[in-house]
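Notes to accompany the following structure.
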Amino acid sequence: MTLPHLLVAASRTTWPAVAFSSLVSSPLLGGDGSFDSPWLNGEVTATTLDSGTMEATSFNLINSPEGTFLSDMVVRVGLLSSRNILTVDSGAYVDSTSCTVGFGSKDDPSAGGRNSVMIQGKGAGDIATRWDCDGGFTVGYYGSRNLLRVSSGAAISGTSLYVGQSAGAEANEFQIANKGSTASFSGNIAVGSFGADNAMTVVDGAKVTCQSISFGGTEGPGYGDFGNCTLVARGTLSVWGTGSTLNVVGGTKLSVGDDSGQFSAIGDTTQNSGNVVSAANPATEIRFLDNLLLGGVDDHGNIGTGNRLEISDGALILVGNSSDDSLTLRAGNFIRLHGGFLALYGDKRSAVASAIAAGNFQIYIEGTWGTAGAESLHVAYFDNTSPTANGEGLTETGHEGLSGYTVVSDAAMPLVWANAVASSGGWYSSYWYGAFYTVPASFDGWIWHAAHGWQWVYDNGDGSVVLWDCASGTWCYVNRSWYPALYNYADGKWYYYLRGSAPDRVFWNWESGGEVVENPGE
């Protein structure tokens with residue numbers, strides 16, 4: 001099965017123009033100007049250089065005739081300086097222990113910025129330009145705006161790839177372009193572990209394979225300054241096999257397919273099992289613009305099982321862009337919802353009901369995953385003939401463009417303001433607002449909060465709410481980034497909830513600097 005093309009947005013980085021030399025220049029680029037090893041000072045014509053850590057001055061180029069060079073090297077391009085370019089082409093072969101483009105400094109990321117490694121093939125039929133790395137490639141350890149580019153049939157391999165490794169390592173990019181260009185990693189690709197606005201680009205038939213890939217970091221709720229990463233792709237991205245994962249978090253938007261009716265597959269044969277595609281955090285989206293298969297089947301009817309879509313914390317996974325597109329969800333494969341949203345093109349309410357009855361949906365209840373019944377899920381169809389459908393979809397999910405889609409959530413769709421997930425018996429748990437009880441289909445905005453009692457909540461759509469608090473008889477403003485701080489419209493003051501439950505709550509008055517007891521008694 002051919003995996004679909006991937007497409008998100010245009011690349012941000014301008015590929016620099018590179019001059020070529022017929023010699024091997026000093027291979028350590030972007031050091032501090034010291035030359036502890038005598039061979040580093042000046043041009044080197046040998047095709048093999050053994051051992052050592054490369055350090056050199058700026059604007060050095062490297063180009064080799066056919067052969068091997070930089071054997072067993074720790075390669076750092078832009079150790080503490082900027083705008084260095086390392087070019088590898090003409091069928092050269094590099095064997096290194098690691099490669100870092102833009103190492104920089106924790107205290108000064110600009111010290112290792114705007115460096116480039118260009119690995120360029122010669123086209124079909126010629127000796128391939130190749131870089132094999134015993135360890136990993138890192139683009140932007142501390143530094144920003146660094147580039148690793150593989151093109152024209154060149155190949156790289158290693159254990160891992162990190163693009164934007166540390167906080168402050170921003171706007172770094174890995175690009176791979178042209179048919180025949182490959183990047184193979186035995187472990188993980190992480191785009192934006194801690195740095196923001198990093199990118200991975202796969203275009204023009206290039207291919208990337210790895211065990212797992214994550215976009216936008218892995219630090220969980222509350223790390224919102226990180227992520228916002230992108231995948232720009234028109235090649236193939238292969239993370240499907242056995243036990244492979246694709247994790248998209250931190251506000252990243254990933255689009256898969258080109259609306260031509262082809263299939264994406266999670267576990268596309270009976271040998272492929274236990275694969276996971278997951279999306280988390282409120283602004284995160286994965287949009288499969290064509291068909292999606294969850295669990296393959298062979299000629300004997302044997303089905304690949306244990307493959308999953310996992311959607312949590314307000315994220316969206318969307319399938320289809322026309323009436324011909326569908327989600328094929330086979331037995332033993334699951335959709336897991338934990339405060340997230342699944343959108344299927346067309347009126348798929350009947351198909352969703354069948355999948356629920358077959359046990360294909362799971363929700364997170366009291367610390368474990370369990371089979372979801374119809375009473376545990378909220379299913380809504382936003383009719384594309386309705387002028388209010390887009391607004392309704394945005395209001396209920398926080399995501400745009402849902403006109404014409406059937407949206408499934410774990411009974412938390414009207415509660416997106418709280419990022420609340422179903423617990424049991426009508427109770428919900430919000431990581432920031434605590435526990436409360438409601439019946440979304442009939443309570444019409446009313447909740448019973450474990451600490452605050454009855455409240456009516458209006459979602460502002462920006463992570464904040466305006467609510468009517470019955471115990472105090474006042475309107476309040478609450479922001480999930482600031483709670484338990486809240487603003488009381490009645491007296492125009494800020495309060496901080498400390499303890500107790502209505503009508504005996506205790507608050508801290510920011511203006512007076514003292515405690516306020518809600519019902520002090522006689």
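We name chains A, B, ... following the order of the structure tokens; residues begin at 1 in each chain, and ligands are numbered from 1 as shown.
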
List the spatial neighbours of A:Asn115 as an NGL selection string - criterion: any atom at most 8 Å away, only C-alpha atoms, same-chain residues fewer than 2 positions off excluded. :A and (77-78 or 82-85 or 101-102 or 112-113 or 117 or 145-147)

Take the residues just selected and output them with C-alpha atoms as a PDB file, in the first residue's frame.
ATOM      1  CA  VAL A  77      28.653  23.063  12.499  1.00  0.00           C
ATOM      2  CA  GLY A  78      28.116  26.297  14.377  1.00  0.00           C
ATOM      3  CA  SER A  82      26.934  31.654  12.976  1.00  0.00           C
ATOM      4  CA  ARG A  83      26.363  31.427   9.229  1.00  0.00           C
ATOM      5  CA  ASN A  84      28.692  28.452   8.608  1.00  0.00           C
ATOM      6  CA  ILE A  85      27.976  26.165   5.663  1.00  0.00           C
ATOM      7  CA  VAL A 101      24.031  21.948  13.336  1.00  0.00           C
ATOM      8  CA  GLY A 102      23.859  25.010  15.578  1.00  0.00           C
ATOM      9  CA  GLY A 112      25.129  29.012  17.156  1.00  0.00           C
ATOM     10  CA  GLY A 113      22.581  30.348  14.700  1.00  0.00           C
ATOM     11  CA  VAL A 117      24.658  21.403   6.446  1.00  0.00           C
ATOM     12  CA  ARG A 145      17.498  29.185  12.557  1.00  0.00           C
ATOM     13  CA  ASN A 146      19.811  26.327  11.604  1.00  0.00           C
ATOM     14  CA  LEU A 147      19.222  24.042   8.624  1.00  0.00           C
TER      15      LEU A 147
END

Write out as a list in words the residues lying within 6 Å of stretch 309-311 of chain A, counting only C-alpha atoms and excluding same-chain residues fewer than 5 positions away. Val276, Val277, Ser278, Ala279, Ile335, Arg336, Leu337 and Gly340 of chain A

Write a file of the selected residues as an mmCIF file, in the first residue's frame, keeping all heavy atoms.
data_model
loop_
_atom_site.group_PDB
_atom_site.id
_atom_site.type_symbol
_atom_site.label_atom_id
_atom_site.label_comp_id
_atom_site.auth_asym_id
_atom_site.auth_seq_id
_atom_site.Cartn_x
_atom_site.Cartn_y
_atom_site.Cartn_z
ATOM 1 N N VAL A 276 0.176 3.635 16.885
ATOM 2 C CA VAL A 276 -0.618 4.698 17.495
ATOM 3 C C VAL A 276 -0.376 6.021 16.776
ATOM 4 O O VAL A 276 0.771 6.397 16.513
ATOM 5 C CB VAL A 276 -0.266 4.874 18.984
ATOM 6 C CG1 VAL A 276 -1.089 6.006 19.591
ATOM 7 C CG2 VAL A 276 -0.498 3.582 19.748
ATOM 8 N N VAL A 277 -1.449 6.716 16.434
ATOM 9 C CA VAL A 277 -1.390 8.118 16.023
ATOM 10 C C VAL A 277 -2.151 8.907 17.075
ATOM 11 O O VAL A 277 -3.326 8.625 17.332
ATOM 12 C CB VAL A 277 -2.005 8.337 14.630
ATOM 13 C CG1 VAL A 277 -2.129 9.831 14.333
ATOM 14 C CG2 VAL A 277 -1.150 7.662 13.563
ATOM 15 N N SER A 278 -1.480 9.867 17.711
ATOM 16 C CA SER A 278 -2.119 10.596 18.807
ATOM 17 C C SER A 278 -1.992 12.093 18.607
ATOM 18 O O SER A 278 -1.037 12.582 18.010
ATOM 19 C CB SER A 278 -1.500 10.200 20.149
ATOM 20 O OG SER A 278 -0.166 10.662 20.248
ATOM 21 N N ALA A 279 -2.995 12.812 19.122
ATOM 22 C CA ALA A 279 -3.003 14.274 19.081
ATOM 23 C C ALA A 279 -3.430 14.779 20.451
ATOM 24 O O ALA A 279 -4.383 14.248 21.037
ATOM 25 C CB ALA A 279 -3.946 14.781 18.003
ATOM 26 N N ILE A 335 -10.627 3.827 18.660
ATOM 27 C CA ILE A 335 -10.550 5.274 18.800
ATOM 28 C C ILE A 335 -10.606 5.571 20.291
ATOM 29 O O ILE A 335 -11.560 5.197 20.974
ATOM 30 C CB ILE A 335 -11.734 5.990 18.118
ATOM 31 C CG1 ILE A 335 -11.870 5.560 16.657
ATOM 32 C CG2 ILE A 335 -11.586 7.494 18.249
ATOM 33 C CD1 ILE A 335 -10.759 6.038 15.768
ATOM 34 N N ARG A 336 -9.566 6.243 20.830
ATOM 35 C CA ARG A 336 -9.531 6.590 22.239
ATOM 36 C C ARG A 336 -9.716 8.102 22.400
ATOM 37 O O ARG A 336 -8.968 8.887 21.816
ATOM 38 C CB ARG A 336 -8.215 6.157 22.884
ATOM 39 C CG ARG A 336 -8.113 4.655 23.080
ATOM 40 C CD ARG A 336 -6.822 4.272 23.776
ATOM 41 N NE ARG A 336 -6.846 2.872 24.194
ATOM 42 C CZ ARG A 336 -5.839 2.265 24.818
ATOM 43 N NH1 ARG A 336 -4.720 2.938 25.092
ATOM 44 N NH2 ARG A 336 -5.932 1.000 25.174
ATOM 45 N N LEU A 337 -10.721 8.478 23.182
ATOM 46 C CA LEU A 337 -11.037 9.884 23.413
ATOM 47 C C LEU A 337 -10.837 10.227 24.883
ATOM 48 O O LEU A 337 -11.359 9.533 25.767
ATOM 49 C CB LEU A 337 -12.480 10.172 23.008
ATOM 50 C CG LEU A 337 -12.803 10.002 21.512
ATOM 51 C CD1 LEU A 337 -14.304 10.032 21.285
ATOM 52 C CD2 LEU A 337 -12.107 11.065 20.685
ATOM 53 N N GLY A 340 -10.867 14.857 23.659
ATOM 54 C CA GLY A 340 -10.550 15.266 22.299
ATOM 55 C C GLY A 340 -11.731 15.087 21.366
ATOM 56 O O GLY A 340 -12.822 14.657 21.776
#

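Here atom CA of A:Val506 stands at a distance of 10.6 Å from atom CA of A:Ala451.
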
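The smallest atom-to-atom distance between A:Ile189 and any of A:Tyr458, A:Tyr489, A:Trp475, A:Phe174, using only C-alpha atoms, is found for A:Phe174.
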
Could you jot down the atom CA of A:Ile303 to atom CA of A:Ala357 separation for me, Å, one decimal place? 18.9 Å

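The shell of residues at most 8 Å from stretch 322-332 of chain A, with only C-alpha atoms counted and near chain neighbours (fewer than 6 positions) removed, consists of Gly261, Asp290, Asn291, Leu292, Leu293, Leu294, Gly295, Gly296, Ile303, Gly304, Thr305, Gly306, Asn307, Leu344, Tyr345, Gly346, Ala355, Ala358 and Asn360 of chain A.
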
Mind checking which residues fall within 6 Å of A:Arg130, counting only C-alpha atoms, ignoring those fewer than 2 positions away in the same chain, and posting them as a short mmCIF file (atom, residue, chain, number, x, y, z; two decimals) with C-alpha atoms, in the first residue's frame?
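Result file follows (result-v8.cif):
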data_model
loop_
_atom_site.label_atom_id
_atom_site.label_comp_id
_atom_site.auth_asym_id
_atom_site.auth_seq_id
_atom_site.Cartn_x
_atom_site.Cartn_y
_atom_site.Cartn_z
CA TYR A 93 30.45 9.33 2.04
CA ALA A 154 21.36 11.92 -1.13
CA ALA A 155 20.80 9.78 1.97
CA ILE A 156 21.33 10.08 5.72
#

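Atom CA of A:Val248 lies 7.0 Å from atom CA of A:Thr284.
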
Counting only C-alpha atoms, which residue out of A:Thr209, A:Asn178, A:Ser193, A:Ser152 sits closest to A:Asn247? A:Ser193

Selection: 10 Å around A:Glu285, only C-alpha atoms, excl. self and same-chain fewer than 6 positions, as a list in words: Val248, Val249, Gly250, Gly251, Thr252, Lys253, Leu254, Ser255, Ser278, Ala279, Ile311, Gly314, Ala315, Leu316, Ile317, Leu318, Phe341 and His399 of chain A

Report the residues of stretch 245-388 of chain A whose backbone DSSP state falls under strand (DSSP E or B), written as a PyMOL selection string. chain A and resi 245-248+253-256+263-266+276-280+285-288+291-294+297+303+308-312+316-319+327-329+334-339+341-345+361-365+368-371+378-381

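The environment of A:Ile119 within 6 Å, counting only C-alpha atoms and disregarding residues fewer than 2 places along the same chain, consists of Val88, Asp89 and Val150 of chain A.
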
Here is a test: counting only C-alpha atoms, which residue of A:Ser160, A:Phe194, A:Val139, A:His378 is nearest to A:Asn172? A:Val139

List every residue of stretch 321-408 of chain A that DSSP, applied to the backbone of this structure, places in alpha helix (DSSP H), and write the result as an NGL selection string. :A and (349-357 or 389-397)
